[in-house]
Structures are given as C-alpha cells and as structure tokens.
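Enquirer: What follows is the file query26.cif, containing mmCIF, C-alpha atoms:
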```
data_upload
loop_
_atom_site.group_PDB
_atom_site.id
_atom_site.type_symbol
_atom_site.label_atom_id
_atom_site.label_comp_id
_atom_site.auth_asym_id
_atom_site.auth_seq_id
_atom_site.Cartn_x
_atom_site.Cartn_y
_atom_site.Cartn_z
ATOM 1 C CA MET A 4 -24.779 -2.452 5.192
ATOM 2 C CA PRO A 5 -25.154 -3.361 1.513
ATOM 3 C CA LEU A 6 -21.644 -4.066 0.308
ATOM 4 C CA GLN A 7 -20.286 -4.751 -3.108
ATOM 5 C CA GLY A 8 -17.008 -6.633 -3.557
ATOM 6 C CA LYS A 9 -14.070 -4.434 -4.462
ATOM 7 C CA ASP A 10 -10.373 -4.994 -4.291
ATOM 8 C CA ALA A 11 -7.202 -3.076 -5.084
ATOM 9 C CA ARG A 12 -7.976 -3.617 -8.734
ATOM 10 C CA GLN A 13 -11.544 -2.338 -8.664
ATOM 11 C CA ALA A 14 -12.180 -0.015 -5.727
ATOM 12 C CA ALA A 15 -13.494 3.325 -6.830
ATOM 13 C CA PRO A 16 -11.979 6.501 -5.408
ATOM 14 C CA SER A 17 -13.879 7.955 -2.468
ATOM 15 C CA ALA A 18 -13.506 11.021 -0.292
ATOM 16 C CA GLN A 19 -9.869 11.855 0.447
ATOM 17 C CA GLN A 20 -8.573 10.254 3.642
ATOM 18 C CA ASP A 21 -6.646 12.223 6.207
ATOM 19 C CA ALA A 22 -3.056 12.775 5.150
ATOM 20 C CA ALA A 23 -0.444 10.645 6.886
ATOM 21 C CA PRO A 24 1.829 12.556 9.231
ATOM 22 C CA THR A 25 5.465 13.055 8.477
ATOM 23 C CA THR A 26 8.052 10.887 10.152
ATOM 24 C CA GLY A 27 8.766 13.627 12.653
ATOM 25 C CA ALA A 28 12.431 13.867 11.714
ATOM 26 C CA LEU A 29 13.824 17.360 11.430
ATOM 27 C CA PRO A 30 15.133 18.245 7.989
ATOM 28 C CA VAL A 31 18.868 17.889 7.754
ATOM 29 C CA PRO A 32 20.550 20.552 5.638
ATOM 30 C CA GLN A 33 22.100 18.714 2.732
ATOM 31 C CA ASP A 34 23.231 19.457 -0.751
ATOM 32 C CA ALA A 35 20.333 18.563 -3.054
ATOM 33 C CA ASP A 36 22.548 16.057 -4.875
ATOM 34 C CA THR A 37 23.091 14.026 -1.686
ATOM 35 C CA LEU A 38 19.402 13.759 -0.802
ATOM 36 C CA PRO A 39 17.785 10.398 -1.537
ATOM 37 C CA PHE A 40 15.872 10.371 -4.816
ATOM 38 C CA TRP A 41 12.437 10.332 -3.130
ATOM 39 C CA LYS A 42 13.276 13.654 -1.454
ATOM 40 C CA ARG A 43 14.591 15.229 -4.676
ATOM 41 C CA LEU A 44 12.275 13.976 -7.388
ATOM 42 C CA THR A 45 8.567 14.127 -8.002
ATOM 43 C CA LEU A 46 6.773 10.891 -8.782
ATOM 44 C CA GLU A 47 6.739 11.948 -12.444
ATOM 45 C CA GLU A 48 10.523 12.456 -12.490
ATOM 46 C CA MET A 49 11.402 8.990 -11.162
ATOM 47 C CA ASN A 50 12.735 6.312 -13.463
ATOM 48 C CA SER A 51 11.144 2.860 -13.414
ATOM 49 C CA GLU A 52 13.691 1.410 -10.969
ATOM 50 C CA GLN A 53 13.155 4.282 -8.526
ATOM 51 C CA TRP A 54 9.380 4.019 -8.959
ATOM 52 C CA GLU A 55 9.287 0.295 -8.247
ATOM 53 C CA SER A 56 11.514 0.715 -5.186
ATOM 54 C CA LEU A 57 8.914 3.018 -3.583
ATOM 55 C CA CYS A 58 6.780 -0.064 -2.982
ATOM 56 C CA ASP A 59 7.540 -1.088 0.600
ATOM 57 C CA GLY A 60 6.243 -4.623 0.069
ATOM 58 C CA CYS A 61 3.405 -4.384 2.591
ATOM 59 C CA ALA A 62 0.820 -5.837 0.141
ATOM 60 C CA ARG A 63 -2.012 -3.875 1.749
ATOM 61 C CA CYS A 64 -3.077 -2.659 -1.698
ATOM 62 C CA CYS A 65 -3.502 -6.311 -2.768
ATOM 63 C CA LEU A 66 -6.303 -6.884 -0.258
ATOM 64 C CA ASN A 67 -9.881 -7.076 -1.467
ATOM 65 C CA LYS A 68 -12.066 -4.202 -0.418
ATOM 66 C CA LEU A 69 -15.793 -3.816 -0.022
ATOM 67 C CA GLU A 70 -17.659 -0.661 -0.920
ATOM 68 C CA ASP A 71 -20.933 0.322 0.680
ATOM 69 C CA TRP A 72 -23.322 0.920 -2.204
ATOM 70 C CA ASP A 73 -25.146 3.701 -0.380
ATOM 71 C CA THR A 74 -22.270 5.699 1.115
ATOM 72 C CA GLY A 75 -19.269 4.758 -1.025
ATOM 73 C CA GLU A 76 -17.336 3.889 2.162
ATOM 74 C CA ILE A 77 -14.563 1.397 1.504
ATOM 75 C CA VAL A 78 -13.520 -1.237 4.036
ATOM 76 C CA TRP A 79 -10.680 -3.733 3.800
ATOM 77 C CA THR A 80 -10.829 -7.482 4.112
ATOM 78 C CA ALA A 81 -8.135 -10.029 4.941
ATOM 79 C CA ILE A 82 -8.813 -11.582 1.545
ATOM 80 C CA ALA A 83 -5.860 -11.151 -0.805
ATOM 81 C CA CYS A 84 -5.501 -11.268 -4.557
ATOM 82 C CA GLU A 85 -5.001 -14.811 -5.781
ATOM 83 C CA LEU A 86 -1.506 -13.883 -6.990
ATOM 84 C CA LEU A 87 -0.264 -12.623 -3.620
ATOM 85 C CA ASP A 88 2.326 -14.738 -1.840
ATOM 86 C CA ASP A 89 1.161 -14.401 1.779
ATOM 87 C CA ASP A 90 4.641 -14.995 3.220
ATOM 88 C CA THR A 91 6.677 -12.607 1.067
ATOM 89 C CA CYS A 92 3.893 -10.084 0.335
ATOM 90 C CA ARG A 93 4.927 -10.063 -3.311
ATOM 91 C CA CYS A 94 3.016 -10.876 -6.463
ATOM 92 C CA LYS A 95 3.695 -14.418 -7.653
ATOM 93 C CA ASP A 96 3.817 -13.236 -11.282
ATOM 94 C CA TYR A 97 4.192 -9.465 -11.229
ATOM 95 C CA PRO A 98 5.339 -9.009 -14.864
ATOM 96 C CA ASN A 99 2.381 -11.044 -16.160
ATOM 97 C CA ARG A 100 -0.231 -10.210 -13.512
ATOM 98 C CA HIS A 101 -2.598 -8.616 -16.031
ATOM 99 C CA ASP A 102 -2.795 -11.938 -17.898
ATOM 100 C CA PHE A 103 -4.333 -13.490 -14.771
ATOM 101 C CA VAL A 104 -5.931 -10.464 -13.113
ATOM 102 C CA PRO A 105 -6.982 -8.135 -15.953
ATOM 103 C CA ASP A 106 -8.510 -5.554 -13.588
ATOM 104 C CA CYS A 107 -5.315 -5.086 -11.535
ATOM 105 C CA ILE A 108 -4.771 -1.328 -11.431
ATOM 106 C CA PRO A 109 -1.235 -0.324 -12.378
ATOM 107 C CA LEU A 110 0.052 2.460 -10.163
ATOM 108 C CA ASP A 111 1.356 5.593 -11.809
ATOM 109 C CA PRO A 112 1.581 9.170 -10.522
ATOM 110 C CA ALA A 113 -1.957 10.005 -11.647
ATOM 111 C CA THR A 114 -3.615 6.941 -10.097
ATOM 112 C CA VAL A 115 -1.638 7.291 -6.863
ATOM 113 C CA ARG A 116 -3.108 10.763 -6.439
ATOM 114 C CA THR A 117 -6.691 9.558 -6.993
ATOM 115 C CA LEU A 118 -6.811 6.170 -5.226
ATOM 116 C CA THR A 119 -7.917 7.115 -1.743
ATOM 117 C CA TRP A 120 -7.845 3.494 -0.579
ATOM 118 C CA LEU A 121 -4.047 3.336 -0.677
ATOM 119 C CA PRO A 122 -2.960 2.774 2.915
ATOM 120 C CA PRO A 123 -1.688 5.842 4.793
ATOM 121 C CA THR A 124 1.738 4.176 5.098
ATOM 122 C CA CYS A 125 2.107 3.565 1.334
ATOM 123 C CA GLY A 126 5.386 4.971 -0.009
ATOM 124 C CA TYR A 127 3.709 6.187 -3.197
ATOM 125 C CA ARG A 128 1.001 7.975 -1.247
ATOM 126 C CA LEU A 129 3.449 9.493 1.251
ATOM 127 C CA ILE A 130 5.667 10.961 -1.478
ATOM 128 C CA ALA A 131 2.659 12.189 -3.490
ATOM 129 C CA GLU A 132 1.427 14.015 -0.368
ATOM 130 C CA GLY A 133 4.843 15.557 0.360
ATOM 131 C CA HIS A 134 5.756 13.324 3.318
ATOM 132 C CA ASP A 135 8.866 11.275 3.999
ATOM 133 C CA LEU A 136 9.121 7.483 4.159
ATOM 134 C CA TYR A 137 8.973 5.719 7.523
ATOM 135 C CA TRP A 138 12.032 4.181 9.188
ATOM 136 C CA TRP A 139 10.894 0.649 8.286
ATOM 137 C CA HIS A 140 10.640 1.333 4.541
ATOM 138 C CA PRO A 141 13.336 -0.734 2.784
ATOM 139 C CA LEU A 142 14.744 2.392 1.109
ATOM 140 C CA VAL A 143 15.338 3.941 4.550
ATOM 141 C CA SER A 144 16.265 0.848 6.559
ATOM 142 C CA GLY A 145 18.223 -0.874 3.806
ATOM 143 C CA ASP A 146 16.446 -4.123 4.700
ATOM 144 C CA PRO A 147 13.326 -5.480 2.945
ATOM 145 C CA GLU A 148 12.375 -7.362 6.122
ATOM 146 C CA THR A 149 11.768 -4.289 8.299
ATOM 147 C CA VAL A 150 8.301 -3.762 6.800
ATOM 148 C CA HIS A 151 7.388 -7.209 8.137
ATOM 149 C CA GLU A 152 9.244 -6.810 11.449
ATOM 150 C CA ALA A 153 7.423 -3.521 12.083
ATOM 151 C CA GLY A 154 4.050 -5.225 11.590
ATOM 152 C CA ILE A 155 3.137 -3.090 8.591
ATOM 153 C CA SER A 156 2.821 -5.882 6.031
ATOM 154 C CA THR A 157 0.049 -8.398 5.483
ATOM 155 C CA SER A 158 2.483 -11.299 5.888
ATOM 156 C CA GLY A 159 0.756 -14.279 7.483
ATOM 157 C CA ARG A 160 -2.542 -12.409 7.900
ATOM 158 C CA THR A 161 -4.419 -13.106 4.671
ATOM 159 C CA VAL A 162 -6.450 -15.752 2.915
ATOM 160 C CA SER A 163 -6.561 -16.126 -0.853
ATOM 161 C CA GLU A 164 -9.600 -14.891 -2.739
ATOM 162 C CA SER A 165 -9.627 -18.228 -4.549
ATOM 163 C CA ASP A 166 -10.565 -19.898 -1.225
ATOM 164 C CA ILE A 167 -13.453 -17.611 -0.202
ATOM 165 C CA PRO A 168 -16.872 -17.262 -1.856
ATOM 166 C CA VAL A 169 -17.765 -13.618 -2.549
ATOM 167 C CA GLU A 170 -20.869 -13.859 -0.363
ATOM 168 C CA GLU A 171 -18.584 -14.520 2.646
ATOM 169 C CA TYR A 172 -16.296 -11.499 2.123
ATOM 170 C CA GLU A 173 -18.083 -9.497 4.849
ATOM 171 C CA ASP A 174 -16.910 -12.113 7.363
ATOM 172 C CA TYR A 175 -13.301 -11.038 6.667
ATOM 173 C CA ILE A 176 -13.546 -7.269 7.221
ATOM 174 C CA ILE A 177 -10.506 -5.862 9.050
ATOM 175 C CA ALA A 178 -9.450 -2.366 10.093
ATOM 176 C CA TRP A 179 -5.635 -2.328 10.209
ATOM 177 C CA PRO A 180 -4.829 -1.698 6.519
ATOM 178 C CA GLY A 181 -6.528 1.686 6.694
ATOM 179 C CA GLU A 182 -4.988 2.604 10.014
ATOM 180 C CA LEU A 183 -1.767 4.466 10.453
ATOM 181 C CA VAL A 184 0.587 2.150 12.279
ATOM 182 C CA GLU A 185 3.576 3.986 13.692
ATOM 183 C CA PRO A 186 5.750 1.454 15.464
ATOM 184 C CA GLU A 187 8.896 2.607 17.161
ATOM 185 C CA PRO A 188 12.196 1.951 15.425
ATOM 186 C CA PRO A 189 14.282 -0.764 17.069
ATOM 187 C CA LYS A 190 16.570 0.411 19.864
ATOM 188 C CA GLY A 191 20.288 -0.141 19.562
#
```
If you convert what's in this file into structure tokens, what do you get?
Expert:
Amino acid sequence: MPLQGKDARQAAPSAQQDAAPTTGALPVPQDADTLPFWKRLTLEEMNSEQWESLCDGCARCCLNKLEDWDTGEIVWTAIACELLDDDTCRCKDYPNRHDFVPDCIPLDPATVRTLTWLPPTCGYRLIAEGHDLYWWHPLVSGDPETVHEAGISTSGRTVSESDIPVEEYEDYIIAWPGELVEPEPPKG
C-alpha cells in the first residue's frame, strides 16, 4: 500500500474511530463538589494543571504514523519522536519541544475532538467522548507507574525516529496503539 510518513505531529484526521467503552463502573451518587475534576468539568473548563494531568503518560501519541495515500487509513509504527524518552514515556524537553520538533501538534480541546488517531485509551479522548478514565490512569490509581504496569504505555517498545530511515518505516508497523487494551486491575 502506498504510505506516506506521518506521526503524532503530522497525521491528518480521518474517519472517526469507534468510541472507547466506559470503564463499566456504576455511577456513584455524589455531591458534584466531591466528584473528581474530570467528571465535573469539560475540557474547556479545565485549568492548565488539570489539563496536563489528563495525559496518562502512555506516549502512544508520540509514535510515528503512516497514512495510506489512497484510503487515508492511518497505521502506527514503533518509531517514536526523537524527543521521547523510551523508558519514562515522557518528552525529554516538553516546554521547548517546538524548538526541536516544530510540527508537534499541541493538544487543546478542539484538536482532541478532531484527531482521530489519538488512542482509544487516551484520557483526553475519553473525557471528550463522555467516558471515564481507566483504573490504571494516574489520576485514578494515584500512581504514575500503573500505566506502564498495565501494559498501556510504549515503555521499552519503541525505536527513535533518528535511528530509522523514512523508507524503512513500513517495517515497523504495529497494531497495539490503536487497539483498546483493557487489562484487569490488580487483585488485592
């Protein structure tokens, strides 16, 4: 299939993917003031600290993508942005990333609602679609490591784009970033 290199910074929106299911938890009657902010506020109402905390640290959005020129289908690769730290799944220079990667797409409520390549487990996407966060999300679990322990993150599974020639990107196509992974919460 004729593919053109795309990554989280460049991938064009395509047909809307299936919505991610809710966590399956029954709503607990609570006073609105005691609900966590992501259940009370819209994306537009969140302050910058709340907004940033919606990122679960999976780094799936930092993977390069390929787009079929004929169909517009987007597939993921295991090739990560040159600024991604493969172990921590965090940007090595987040505040200055646009100095090094000028086409990095900043997420805001409008782009979250149009970027169909955001993974189905993405906190921004889930909230935009009216779903809850999964048990492994650091805001729910209280632990930034649960995203890695649950196998959601890209930790240890990527290669840097600086190491791979563009003509070899097709050799690194993977499926799991676009799949809904629903691991069981730990027992005990």
Enquirer: Every residue with an atom at most 12 Å from (14.2, 12.0, -6.6) (file coordinates; only C-alpha atoms) is what I'm after, so could you write them as a list in words?
Expert: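 Protein and nucleic acid residues near the point are Ala35, Asp36, Thr37, Leu38, Pro39, Phe40, Trp41, Lys42, Arg43, Leu44, Thr45, Leu46, Glu47, Glu48, Met49, Asn50, Ser51, Glu52, Gln53, Trp54, Ser56, Leu57, Ile130, Ala131 and Asp135 of chain A.
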Enquirer: Considering only C-alpha atoms, state which residue in the set A:Leu118, A:Leu129, A:Ile155, A:Val104 is at the smallest distance from A:Ala62.
Expert: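 Closest residue, counting only C-alpha atoms: A:Ile155.
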Enquirer: Would you please work out which residue, of A:Thr157, A:Ser165, A:Thr114, A:Thr124, is nearest to A:Cys84 when using all atoms listed in the file?
Expert: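 Looking only at the distances to A:Cys84, the closest residue turns out to be A:Ser165.
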Enquirer: In Å, how far is it from atom CA of A:Tyr127 to atom CA of A:Pro112?
Expert: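 Between these atoms lies a distance of 8.2 Å.
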Enquirer: Considering all atoms listed in the file, state which residue in the set A:Val78, A:Cys64, A:Leu121, A:Ala83 is at the smallest distance from A:Ala178.
Expert: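 So, comparing all the options, the nearest one is A:Val78.
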Enquirer: For this file, the PyMOL selection byres ((chain A and resi 154) around 12) selects which residues, as a list in words?
Expert: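 Given this file, the PyMOL selection byres ((chain A and resi 154) around 12) evaluates to Gly60, Cys61, Ala62, Arg63, Thr124, Trp139, His140, Glu148, Thr149, Val150, His151, Glu152, Ala153, Ile155, Ser156, Thr157, Ser158, Gly159, Arg160, Trp179, Pro180, Leu183, Val184, Glu185, Pro186, Glu187 and Pro188 of chain A.
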Enquirer: Just to confirm, what's the straight-line distance from atom CA of A:Val169 to atom CA of A:Trp79 in Å (one decimal)?
Expert: 13.7 Å
Enquirer: For atom CA of A:Pro123 and atom CA of A:Pro105, quote the distance in Å rounded to one decimal.
Expert: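 Interatomic distance here is 25.6 Å.
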Enquirer: Restricting the calculation to all atoms listed in the file, which member of A:Asp59, A:Pro168, A:Asp73, A:Asn67 is positioned closest to A:Ser144?
Expert: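 Closest to A:Ser144, using all atoms listed in the file: A:Asp59.
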Enquirer: Give me, as an NGL selection string, all polymer residues having an atom no more than 8 Å from A:Val162, counting only C-alpha atoms and skipping those fewer than 3 positions away in the same chain.
Expert: :A and (81-83 or 89 or 166-167)
Enquirer: Once you have the residues from the selection above, write them out as an mmCIF file, in the frame of the given file, restricted to C-alpha atoms.
Expert:
```cif
data_model
loop_
_atom_site.group_PDB
_atom_site.id
_atom_site.type_symbol
_atom_site.label_atom_id
_atom_site.label_comp_id
_atom_site.auth_asym_id
_atom_site.auth_seq_id
_atom_site.Cartn_x
_atom_site.Cartn_y
_atom_site.Cartn_z
ATOM 1 C CA ALA A 81 -8.135 -10.029 4.941
ATOM 2 C CA ILE A 82 -8.813 -11.582 1.545
ATOM 3 C CA ALA A 83 -5.860 -11.151 -0.805
ATOM 4 C CA ASP A 89 1.161 -14.401 1.779
ATOM 5 C CA ASP A 166 -10.565 -19.898 -1.225
ATOM 6 C CA ILE A 167 -13.453 -17.611 -0.202
#
```
Enquirer: In terms of the shortest atom-to-atom distance over all atoms listed in the file, which of A:Tyr175, A:Glu70, A:Ile77, A:Asp88 is closest to A:Thr119?
Expert: A:Ile77
Enquirer: Quick one: what's the axis-aligned box for stretch 47-55 of chain A, all listed atoms, 4 Å on every side, centre and edges in Å to one decimal, as lines of an AutoDock Vina configuration file?
Expert:
```
center_x = 10.2
center_y = 6.4
center_z = -10.9
size_x = 15.0
size_y = 20.2
size_z = 13.2
```
Enquirer: Please, could N, CA and C atoms be added to stretch 34-55 of chain A and the result written as an mmCIF file, keeping the file's coordinate frame?
Expert:
```cif
data_model
loop_
_atom_site.group_PDB
_atom_site.id
_atom_site.type_symbol
_atom_site.label_atom_id
_atom_site.label_comp_id
_atom_site.auth_asym_id
_atom_site.auth_seq_id
_atom_site.Cartn_x
_atom_site.Cartn_y
_atom_site.Cartn_z
ATOM 1 N N ASP A 34 23.173 19.071 0.638
ATOM 2 C CA ASP A 34 23.231 19.457 -0.751
ATOM 3 C C ASP A 34 22.166 18.640 -1.471
ATOM 4 N N ALA A 35 21.420 19.249 -2.357
ATOM 5 C CA ALA A 35 20.333 18.563 -3.054
ATOM 6 C C ALA A 35 20.799 17.284 -3.736
ATOM 7 N N ASP A 36 22.043 17.244 -4.188
ATOM 8 C CA ASP A 36 22.548 16.057 -4.875
ATOM 9 C C ASP A 36 22.749 14.877 -3.930
ATOM 10 N N THR A 37 22.869 15.121 -2.629
ATOM 11 C CA THR A 37 23.091 14.026 -1.686
ATOM 12 C C THR A 37 21.789 13.525 -1.064
ATOM 13 N N LEU A 38 20.688 14.215 -1.315
ATOM 14 C CA LEU A 38 19.402 13.759 -0.802
ATOM 15 C C LEU A 38 18.986 12.484 -1.532
ATOM 16 N N PRO A 39 18.301 11.580 -0.851
ATOM 17 C CA PRO A 39 17.785 10.398 -1.537
ATOM 18 C C PRO A 39 16.807 10.818 -2.639
ATOM 19 N N PHE A 40 16.676 9.993 -3.653
ATOM 20 C CA PHE A 40 15.872 10.371 -4.816
ATOM 21 C C PHE A 40 14.434 10.722 -4.446
ATOM 22 N N TRP A 41 13.839 10.060 -3.471
ATOM 23 C CA TRP A 41 12.437 10.332 -3.130
ATOM 24 C C TRP A 41 12.259 11.689 -2.467
ATOM 25 N N LYS A 42 13.353 12.302 -2.016
ATOM 26 C CA LYS A 42 13.276 13.654 -1.454
ATOM 27 C C LYS A 42 13.611 14.715 -2.501
ATOM 28 N N ARG A 43 14.189 14.292 -3.615
ATOM 29 C CA ARG A 43 14.591 15.229 -4.676
ATOM 30 C C ARG A 43 13.638 15.257 -5.861
ATOM 31 N N LEU A 44 13.048 14.115 -6.165
ATOM 32 C CA LEU A 44 12.275 13.976 -7.388
ATOM 33 C C LEU A 44 10.782 13.892 -7.113
ATOM 34 N N THR A 45 10.009 14.354 -8.068
ATOM 35 C CA THR A 45 8.567 14.127 -8.002
ATOM 36 C C THR A 45 8.309 12.711 -8.509
ATOM 37 N N LEU A 46 7.125 12.217 -8.275
ATOM 38 C CA LEU A 46 6.773 10.891 -8.782
ATOM 39 C C LEU A 46 6.964 10.826 -10.297
ATOM 40 N N GLU A 47 6.619 11.906 -10.987
ATOM 41 C CA GLU A 47 6.739 11.948 -12.444
ATOM 42 C C GLU A 47 8.188 11.910 -12.916
ATOM 43 N N GLU A 48 9.106 12.400 -12.100
ATOM 44 C CA GLU A 48 10.523 12.456 -12.490
ATOM 45 C C GLU A 48 11.283 11.157 -12.235
ATOM 46 N N MET A 49 10.702 10.235 -11.514
ATOM 47 C CA MET A 49 11.402 8.990 -11.162
ATOM 48 C C MET A 49 11.485 8.052 -12.354
ATOM 49 N N ASN A 50 12.619 7.341 -12.436
ATOM 50 C CA ASN A 50 12.735 6.312 -13.463
ATOM 51 C C ASN A 50 12.025 5.056 -12.966
ATOM 52 N N SER A 51 11.921 4.041 -13.796
ATOM 53 C CA SER A 51 11.144 2.860 -13.414
ATOM 54 C C SER A 51 11.750 2.121 -12.220
ATOM 55 N N GLU A 52 13.058 2.079 -12.110
ATOM 56 C CA GLU A 52 13.691 1.410 -10.969
ATOM 57 C C GLU A 52 13.376 2.161 -9.666
ATOM 58 N N GLN A 53 13.482 3.484 -9.699
ATOM 59 C CA GLN A 53 13.155 4.282 -8.526
ATOM 60 C C GLN A 53 11.682 4.118 -8.169
ATOM 61 N N TRP A 54 10.819 4.163 -9.174
ATOM 62 C CA TRP A 54 9.380 4.019 -8.959
ATOM 63 C C TRP A 54 9.073 2.700 -8.272
ATOM 64 N N GLU A 55 9.565 1.611 -8.811
ATOM 65 C CA GLU A 55 9.287 0.295 -8.247
ATOM 66 C C GLU A 55 9.811 0.167 -6.814
#
```
